[in-house]
$ cat start10.cif   # mmCIF, N, CA and C atoms
data_protein
loop_
_atom_site.group_PDB
_atom_site.id
_atom_site.type_symbol
_atom_site.label_atom_id
_atom_site.label_comp_id
_atom_site.auth_asym_id
_atom_site.auth_seq_id
_atom_site.Cartn_x
_atom_site.Cartn_y
_atom_site.Cartn_z
ATOM 1 N N MET A 1 6.641 5.318 -14.971
ATOM 2 C CA MET A 1 5.850 4.449 -14.134
ATOM 3 C C MET A 1 6.783 3.513 -13.365
ATOM 4 N N LYS A 2 6.474 3.327 -12.103
ATOM 5 C CA LYS A 2 7.226 2.414 -11.256
ATOM 6 C C LYS A 2 6.230 1.511 -10.553
ATOM 7 N N LEU A 3 6.579 0.228 -10.416
ATOM 8 C CA LEU A 3 5.736 -0.696 -9.669
ATOM 9 C C LEU A 3 6.074 -0.605 -8.187
ATOM 10 N N ILE A 4 5.041 -0.562 -7.366
ATOM 11 C CA ILE A 4 5.176 -0.512 -5.917
ATOM 12 C C ILE A 4 4.729 -1.856 -5.365
ATOM 13 N N GLN A 5 5.567 -2.466 -4.542
ATOM 14 C CA GLN A 5 5.194 -3.744 -3.932
ATOM 15 C C GLN A 5 4.307 -3.451 -2.729
ATOM 16 N N ILE A 6 3.037 -3.889 -2.812
ATOM 17 C CA ILE A 6 2.115 -3.622 -1.716
ATOM 18 C C ILE A 6 2.072 -4.767 -0.708
ATOM 19 N N ASP A 7 2.460 -5.952 -1.109
ATOM 20 C CA ASP A 7 2.643 -7.077 -0.189
ATOM 21 C C ASP A 7 3.535 -8.103 -0.866
ATOM 22 N N ASN A 8 3.672 -9.271 -0.275
ATOM 23 C CA ASN A 8 4.615 -10.267 -0.796
ATOM 24 C C ASN A 8 4.329 -10.696 -2.231
ATOM 25 N N ASP A 9 3.065 -10.672 -2.638
ATOM 26 C CA ASP A 9 2.677 -11.230 -3.926
ATOM 27 C C ASP A 9 2.144 -10.212 -4.928
ATOM 28 N N ARG A 10 2.029 -8.937 -4.551
ATOM 29 C CA ARG A 10 1.369 -7.971 -5.433
ATOM 30 C C ARG A 10 2.155 -6.676 -5.570
ATOM 31 N N TRP A 11 2.189 -6.202 -6.798
ATOM 32 C CA TRP A 11 2.785 -4.912 -7.149
ATOM 33 C C TRP A 11 1.749 -4.161 -7.969
ATOM 34 N N ILE A 12 1.670 -2.849 -7.794
ATOM 35 C CA ILE A 12 0.790 -2.039 -8.630
ATOM 36 C C ILE A 12 1.563 -0.808 -9.104
ATOM 37 N N ALA A 13 1.136 -0.280 -10.223
ATOM 38 C CA ALA A 13 1.799 0.885 -10.808
ATOM 39 C C ALA A 13 1.552 2.109 -9.926
ATOM 40 N N SER A 14 2.625 2.807 -9.607
ATOM 41 C CA SER A 14 2.524 3.955 -8.711
ATOM 42 C C SER A 14 1.611 5.051 -9.259
ATOM 43 N N ASP A 15 1.574 5.211 -10.573
ATOM 44 C CA ASP A 15 0.750 6.276 -11.146
ATOM 45 C C ASP A 15 -0.730 5.940 -11.193
ATOM 46 N N THR A 16 -1.121 4.741 -10.750
ATOM 47 C CA THR A 16 -2.538 4.374 -10.711
ATOM 48 C C THR A 16 -3.124 4.487 -9.307
ATOM 49 N N ILE A 17 -2.296 4.800 -8.299
ATOM 50 C CA ILE A 17 -2.749 4.821 -6.911
ATOM 51 C C ILE A 17 -3.409 6.161 -6.599
ATOM 52 N N ALA A 18 -4.630 6.083 -6.060
ATOM 53 C CA ALA A 18 -5.381 7.283 -5.702
ATOM 54 C C ALA A 18 -5.324 7.562 -4.206
ATOM 55 N N GLU A 19 -5.316 6.495 -3.363
ATOM 56 C CA GLU A 19 -5.295 6.720 -1.920
ATOM 57 C C GLU A 19 -4.786 5.499 -1.175
ATOM 58 N N VAL A 20 -4.281 5.773 0.011
ATOM 59 C CA VAL A 20 -3.896 4.732 0.967
ATOM 60 C C VAL A 20 -4.634 5.061 2.247
ATOM 61 N N SER A 21 -5.429 4.129 2.750
ATOM 62 C CA SER A 21 -6.156 4.367 3.999
ATOM 63 C C SER A 21 -5.855 3.263 4.996
ATOM 64 N N VAL A 22 -5.918 3.625 6.272
ATOM 65 C CA VAL A 22 -5.605 2.712 7.367
ATOM 66 C C VAL A 22 -6.881 2.412 8.147
ATOM 67 N N ASN A 23 -7.107 1.133 8.412
ATOM 68 C CA ASN A 23 -8.200 0.715 9.288
ATOM 69 C C ASN A 23 -7.563 0.016 10.489
ATOM 70 N N PRO A 24 -7.276 0.770 11.568
ATOM 71 C CA PRO A 24 -6.564 0.181 12.696
ATOM 72 C C PRO A 24 -7.360 -0.898 13.424
ATOM 73 N N GLN A 25 -8.690 -0.806 13.414
ATOM 74 C CA GLN A 25 -9.505 -1.818 14.085
ATOM 75 C C GLN A 25 -9.350 -3.185 13.424
ATOM 76 N N ALA A 26 -9.224 -3.202 12.100
ATOM 77 C CA ALA A 26 -9.065 -4.459 11.364
ATOM 78 C C ALA A 26 -7.596 -4.773 11.102
ATOM 79 N N ASN A 27 -6.697 -3.850 11.459
ATOM 80 C CA ASN A 27 -5.257 -4.007 11.221
ATOM 81 C C ASN A 27 -4.972 -4.275 9.745
ATOM 82 N N VAL A 28 -5.557 -3.442 8.889
ATOM 83 C CA VAL A 28 -5.390 -3.601 7.445
ATOM 84 C C VAL A 28 -5.345 -2.225 6.776
ATOM 85 N N LEU A 29 -4.602 -2.149 5.676
ATOM 86 C CA LEU A 29 -4.554 -0.958 4.826
ATOM 87 C C LEU A 29 -5.392 -1.220 3.590
ATOM 88 N N THR A 30 -5.897 -0.178 2.989
ATOM 89 C CA THR A 30 -6.510 -0.294 1.677
ATOM 90 C C THR A 30 -5.763 0.644 0.740
ATOM 91 N N VAL A 31 -5.262 0.081 -0.344
ATOM 92 C CA VAL A 31 -4.633 0.864 -1.404
ATOM 93 C C VAL A 31 -5.650 0.899 -2.540
ATOM 94 N N ARG A 32 -6.192 2.091 -2.806
ATOM 95 C CA ARG A 32 -7.230 2.239 -3.821
ATOM 96 C C ARG A 32 -6.639 2.874 -5.066
ATOM 97 N N THR A 33 -6.964 2.288 -6.221
ATOM 98 C CA THR A 33 -6.473 2.818 -7.487
ATOM 99 C C THR A 33 -7.462 3.837 -8.046
ATOM 100 N N LYS A 34 -7.021 4.574 -9.049
ATOM 101 C CA LYS A 34 -7.847 5.625 -9.648
ATOM 102 C C LYS A 34 -9.120 5.088 -10.284
ATOM 103 N N ASN A 35 -9.125 3.806 -10.672
ATOM 104 C CA ASN A 35 -10.335 3.231 -11.254
ATOM 105 C C ASN A 35 -11.256 2.640 -10.194
ATOM 106 N N GLY A 36 -10.929 2.846 -8.901
ATOM 107 C CA GLY A 36 -11.808 2.447 -7.807
ATOM 108 C C GLY A 36 -11.538 1.085 -7.197
ATOM 109 N N VAL A 37 -10.603 0.339 -7.724
ATOM 110 C CA VAL A 37 -10.293 -0.984 -7.188
ATOM 111 C C VAL A 37 -9.522 -0.821 -5.885
ATOM 112 N N GLY A 38 -9.988 -1.505 -4.840
ATOM 113 C CA GLY A 38 -9.312 -1.474 -3.551
ATOM 114 C C GLY A 38 -8.534 -2.751 -3.307
ATOM 115 N N HIS A 39 -7.317 -2.600 -2.820
ATOM 116 C CA HIS A 39 -6.466 -3.746 -2.500
ATOM 117 C C HIS A 39 -6.232 -3.738 -0.991
ATOM 118 N N SER A 40 -6.685 -4.784 -0.294
ATOM 119 C CA SER A 40 -6.449 -4.908 1.141
ATOM 120 C C SER A 40 -5.024 -5.389 1.361
ATOM 121 N N VAL A 41 -4.332 -4.736 2.275
ATOM 122 C CA VAL A 41 -2.931 -5.045 2.536
ATOM 123 C C VAL A 41 -2.736 -5.175 4.041
ATOM 124 N N HIS A 42 -2.193 -6.296 4.472
ATOM 125 C CA HIS A 42 -1.865 -6.493 5.881
ATOM 126 C C HIS A 42 -0.496 -5.877 6.157
ATOM 127 N N PRO A 43 -0.217 -5.537 7.407
ATOM 128 C CA PRO A 43 1.077 -4.928 7.722
ATOM 129 C C PRO A 43 2.242 -5.832 7.337
ATOM 130 N N ASP A 44 3.375 -5.201 7.034
ATOM 131 C CA ASP A 44 4.592 -5.959 6.787
ATOM 132 C C ASP A 44 4.892 -6.812 8.018
ATOM 133 N N TYR A 45 5.519 -7.962 7.811
ATOM 134 C CA TYR A 45 5.826 -8.876 8.902
ATOM 135 C C TYR A 45 6.672 -8.175 9.973
ATOM 136 N N GLY A 46 6.185 -8.231 11.205
ATOM 137 C CA GLY A 46 6.917 -7.650 12.320
ATOM 138 C C GLY A 46 6.861 -6.136 12.406
ATOM 139 N N VAL A 47 6.026 -5.520 11.581
ATOM 140 C CA VAL A 47 5.928 -4.054 11.523
ATOM 141 C C VAL A 47 4.463 -3.670 11.721
ATOM 142 N N GLY A 48 4.223 -2.565 12.360
ATOM 143 C CA GLY A 48 2.860 -2.110 12.600
ATOM 144 C C GLY A 48 2.195 -1.556 11.346
ATOM 145 N N ILE A 49 0.900 -1.357 11.457
ATOM 146 C CA ILE A 49 0.070 -0.894 10.338
ATOM 147 C C ILE A 49 0.495 0.503 9.871
ATOM 148 N N TYR A 50 0.837 1.395 10.802
ATOM 149 C CA TYR A 50 1.190 2.755 10.417
ATOM 150 C C TYR A 50 2.577 2.817 9.774
ATOM 151 N N LYS A 51 3.508 2.012 10.235
ATOM 152 C CA LYS A 51 4.834 1.967 9.594
ATOM 153 C C LYS A 51 4.721 1.393 8.184
ATOM 154 N N THR A 52 3.846 0.417 7.996
ATOM 155 C CA THR A 52 3.627 -0.130 6.653
ATOM 156 C C THR A 52 3.014 0.944 5.755
ATOM 157 N N ALA A 53 2.051 1.697 6.277
ATOM 158 C CA ALA A 53 1.454 2.791 5.506
ATOM 159 C C ALA A 53 2.508 3.823 5.147
ATOM 160 N N ASP A 54 3.364 4.176 6.104
ATOM 161 C CA ASP A 54 4.433 5.138 5.841
ATOM 162 C C ASP A 54 5.356 4.646 4.735
ATOM 163 N N ARG A 55 5.701 3.349 4.756
ATOM 164 C CA ARG A 55 6.574 2.782 3.717
ATOM 165 C C ARG A 55 5.931 2.905 2.341
ATOM 166 N N LEU A 56 4.656 2.519 2.257
ATOM 167 C CA LEU A 56 3.968 2.581 0.966
ATOM 168 C C LEU A 56 3.869 4.016 0.459
ATOM 169 N N ILE A 57 3.479 4.931 1.325
ATOM 170 C CA ILE A 57 3.326 6.329 0.923
ATOM 171 C C ILE A 57 4.673 6.903 0.488
ATOM 172 N N ASP A 58 5.736 6.567 1.210
ATOM 173 C CA ASP A 58 7.072 7.028 0.845
ATOM 174 C C ASP A 58 7.471 6.507 -0.537
ATOM 175 N N GLU A 59 7.226 5.227 -0.796
ATOM 176 C CA GLU A 59 7.555 4.658 -2.109
ATOM 177 C C GLU A 59 6.734 5.299 -3.216
ATOM 178 N N ILE A 60 5.462 5.539 -2.957
ATOM 179 C CA ILE A 60 4.589 6.182 -3.949
ATOM 180 C C ILE A 60 5.088 7.585 -4.264
ATOM 181 N N ASN A 61 5.412 8.351 -3.219
ATOM 182 C CA ASN A 61 5.885 9.723 -3.415
ATOM 183 C C ASN A 61 7.209 9.764 -4.174
ATOM 184 N N LYS A 62 8.100 8.839 -3.889
ATOM 185 C CA LYS A 62 9.374 8.802 -4.587
ATOM 186 C C LYS A 62 9.199 8.449 -6.064
ATOM 187 N N ALA A 63 8.176 7.658 -6.366
ATOM 188 C CA ALA A 63 7.967 7.193 -7.736
ATOM 189 C C ALA A 63 7.269 8.216 -8.612
ATOM 190 N N THR A 64 6.617 9.193 -8.013
ATOM 191 C CA THR A 64 5.856 10.162 -8.813
ATOM 192 C C THR A 64 6.574 11.469 -8.972
#

$ encode --input "start10.cif" --output "structure tokens"
Amino acid sequence: MKLIQIDNDRWIASDTIAEVSVNPQANVLTVRTKNGVGHSVHPDYGVGIYKTADRLIDEINKAT
């Protein structure tokens, strides 16, 4: 198990993540865990929503 930093203040276990979805209209990501809990994540500072999603997905894939 590896912790993934989803924003400045939160980390979640990589093996609990079920999906990452992008809502471009709201400029927010949702990281949903296997138990159904959704975590809203704003883009990394100075980085767009899709690059932030790519970073998270890359970290998740490397951890599993």

$ select_by_dssp --input "start10.cif" --residues "segment 18-55 of chain A" --states "helix (DSSP H, G or I)" --output "list in words"
Ile49, Tyr50, Lys51, Thr52, Ala53, Asp54 and Arg55 of chain A

$ select_by_dssp --input "start10.cif" --residues "chain A" --states "strand (DSSP E or B)" --output "VMD selection string"
chain A and resid 3 to 7 10 to 13 17 to 23 28 to 33 38 to 41

$ resolve_selection --input "start10.cif" --expression "the PyMOL selection byres (((chain A and resi 45-61 and name CA) around 8) and name CA)" --output "list in words"
Ile4, Ile6, Ser14, Val20, Ser21, Val22, Pro24, Asn27, Val28, Leu29, His42, Pro43, Asp44, Lys62, Ala63 and Thr64 of chain A

$ closest_residue --input "start10.cif" --among "A:Gln25, A:Asp15, A:Thr30, A:His39" --to "Leu3 of chain A" --atoms "all atoms listed in the file"
A:Asp15

$ residues_around --input "start10.cif" --residues "Gly36 of chain A" --least-positions-apart "5" --cutoff "12 Å" --atoms "only C-alpha atoms" --output "MDAnalysis selection string"
chainID A and resid 16:19 30:31

$ atom_distance --input "start10.cif" --atom1 "atom CA of Met1 of chain A" --atom2 "atom N of Ala13 of chain A"
7.7 Å

$ axis_aligned_box --input "start10.cif" --around "segment 25-40 of chain A" --padding-each-side "3 Å" --output "AutoDock Vina command-line options"
--center_x -8.2 --center_y 0.1 --center_z 1.4 --size_x 13.3 --size_y 17.0 --size_z 31.3

$ build_atoms --input "start10.cif" --residues "segment 35-59 of chain A" --atoms "N, CA, C and O atoms" --output "tab-separated table (two decimals), keeping the file's coordinate frame"
chain	number	residue	atom	x	y	z
A	35	ASN	N	-9.12	3.81	-10.67
A	35	ASN	CA	-10.34	3.23	-11.25
A	35	ASN	C	-11.26	2.64	-10.19
A	35	ASN	O	-12.25	2.00	-10.52
A	36	GLY	N	-10.93	2.85	-8.90
A	36	GLY	CA	-11.81	2.45	-7.81
A	36	GLY	C	-11.54	1.08	-7.20
A	36	GLY	O	-12.19	0.71	-6.23
A	37	VAL	N	-10.60	0.34	-7.72
A	37	VAL	CA	-10.29	-0.98	-7.19
A	37	VAL	C	-9.52	-0.82	-5.88
A	37	VAL	O	-8.54	-0.09	-5.82
A	38	GLY	N	-9.99	-1.50	-4.84
A	38	GLY	CA	-9.31	-1.47	-3.55
A	38	GLY	C	-8.53	-2.75	-3.31
A	38	GLY	O	-9.03	-3.84	-3.58
A	39	HIS	N	-7.32	-2.60	-2.82
A	39	HIS	CA	-6.47	-3.75	-2.50
A	39	HIS	C	-6.23	-3.74	-0.99
A	39	HIS	O	-5.65	-2.79	-0.46
A	40	SER	N	-6.68	-4.78	-0.29
A	40	SER	CA	-6.45	-4.91	1.14
A	40	SER	C	-5.02	-5.39	1.36
A	40	SER	O	-4.58	-6.34	0.72
A	41	VAL	N	-4.33	-4.74	2.28
A	41	VAL	CA	-2.93	-5.04	2.54
A	41	VAL	C	-2.74	-5.18	4.04
A	41	VAL	O	-3.08	-4.27	4.79
A	42	HIS	N	-2.19	-6.30	4.47
A	42	HIS	CA	-1.86	-6.49	5.88
A	42	HIS	C	-0.50	-5.88	6.16
A	42	HIS	O	0.32	-5.73	5.25
A	43	PRO	N	-0.22	-5.54	7.41
A	43	PRO	CA	1.08	-4.93	7.72
A	43	PRO	C	2.24	-5.83	7.34
A	43	PRO	O	2.11	-7.05	7.31
A	44	ASP	N	3.38	-5.20	7.03
A	44	ASP	CA	4.59	-5.96	6.79
A	44	ASP	C	4.89	-6.81	8.02
A	44	ASP	O	4.58	-6.42	9.15
A	45	TYR	N	5.52	-7.96	7.81
A	45	TYR	CA	5.83	-8.88	8.90
A	45	TYR	C	6.67	-8.18	9.97
A	45	TYR	O	7.70	-7.58	9.67
A	46	GLY	N	6.18	-8.23	11.20
A	46	GLY	CA	6.92	-7.65	12.32
A	46	GLY	C	6.86	-6.14	12.41
A	46	GLY	O	7.57	-5.53	13.20
A	47	VAL	N	6.03	-5.52	11.58
A	47	VAL	CA	5.93	-4.05	11.52
A	47	VAL	C	4.46	-3.67	11.72
A	47	VAL	O	3.56	-4.36	11.27
A	48	GLY	N	4.22	-2.56	12.36
A	48	GLY	CA	2.86	-2.11	12.60
A	48	GLY	C	2.19	-1.56	11.35
A	48	GLY	O	2.83	-1.29	10.33
A	49	ILE	N	0.90	-1.36	11.46
A	49	ILE	CA	0.07	-0.89	10.34
A	49	ILE	C	0.50	0.50	9.87
A	49	ILE	O	0.55	0.78	8.67
A	50	TYR	N	0.84	1.40	10.80
A	50	TYR	CA	1.19	2.76	10.42
A	50	TYR	C	2.58	2.82	9.77
A	50	TYR	O	2.80	3.60	8.86
A	51	LYS	N	3.51	2.01	10.24
A	51	LYS	CA	4.83	1.97	9.59
A	51	LYS	C	4.72	1.39	8.18
A	51	LYS	O	5.41	1.84	7.27
A	52	THR	N	3.85	0.42	8.00
A	52	THR	CA	3.63	-0.13	6.65
A	52	THR	C	3.01	0.94	5.76
A	52	THR	O	3.42	1.11	4.60
A	53	ALA	N	2.05	1.70	6.28
A	53	ALA	CA	1.45	2.79	5.51
A	53	ALA	C	2.51	3.82	5.15
A	53	ALA	O	2.56	4.30	4.00
A	54	ASP	N	3.36	4.18	6.10
A	54	ASP	CA	4.43	5.14	5.84
A	54	ASP	C	5.36	4.65	4.74
A	54	ASP	O	5.77	5.42	3.86
A	55	ARG	N	5.70	3.35	4.76
A	55	ARG	CA	6.57	2.78	3.72
A	55	ARG	C	5.93	2.90	2.34
A	55	ARG	O	6.57	3.35	1.38
A	56	LEU	N	4.66	2.52	2.26
A	56	LEU	CA	3.97	2.58	0.97
A	56	LEU	C	3.87	4.02	0.46
A	56	LEU	O	4.15	4.29	-0.71
A	57	ILE	N	3.48	4.93	1.32
A	57	ILE	CA	3.33	6.33	0.92
A	57	ILE	C	4.67	6.90	0.49
A	57	ILE	O	4.76	7.63	-0.51
A	58	ASP	N	5.74	6.57	1.21
A	58	ASP	CA	7.07	7.03	0.84
A	58	ASP	C	7.47	6.51	-0.54
A	58	ASP	O	7.98	7.25	-1.37
A	59	GLU	N	7.23	5.23	-0.80
A	59	GLU	CA	7.56	4.66	-2.11
A	59	GLU	C	6.73	5.30	-3.22
A	59	GLU	O	7.26	5.58	-4.30
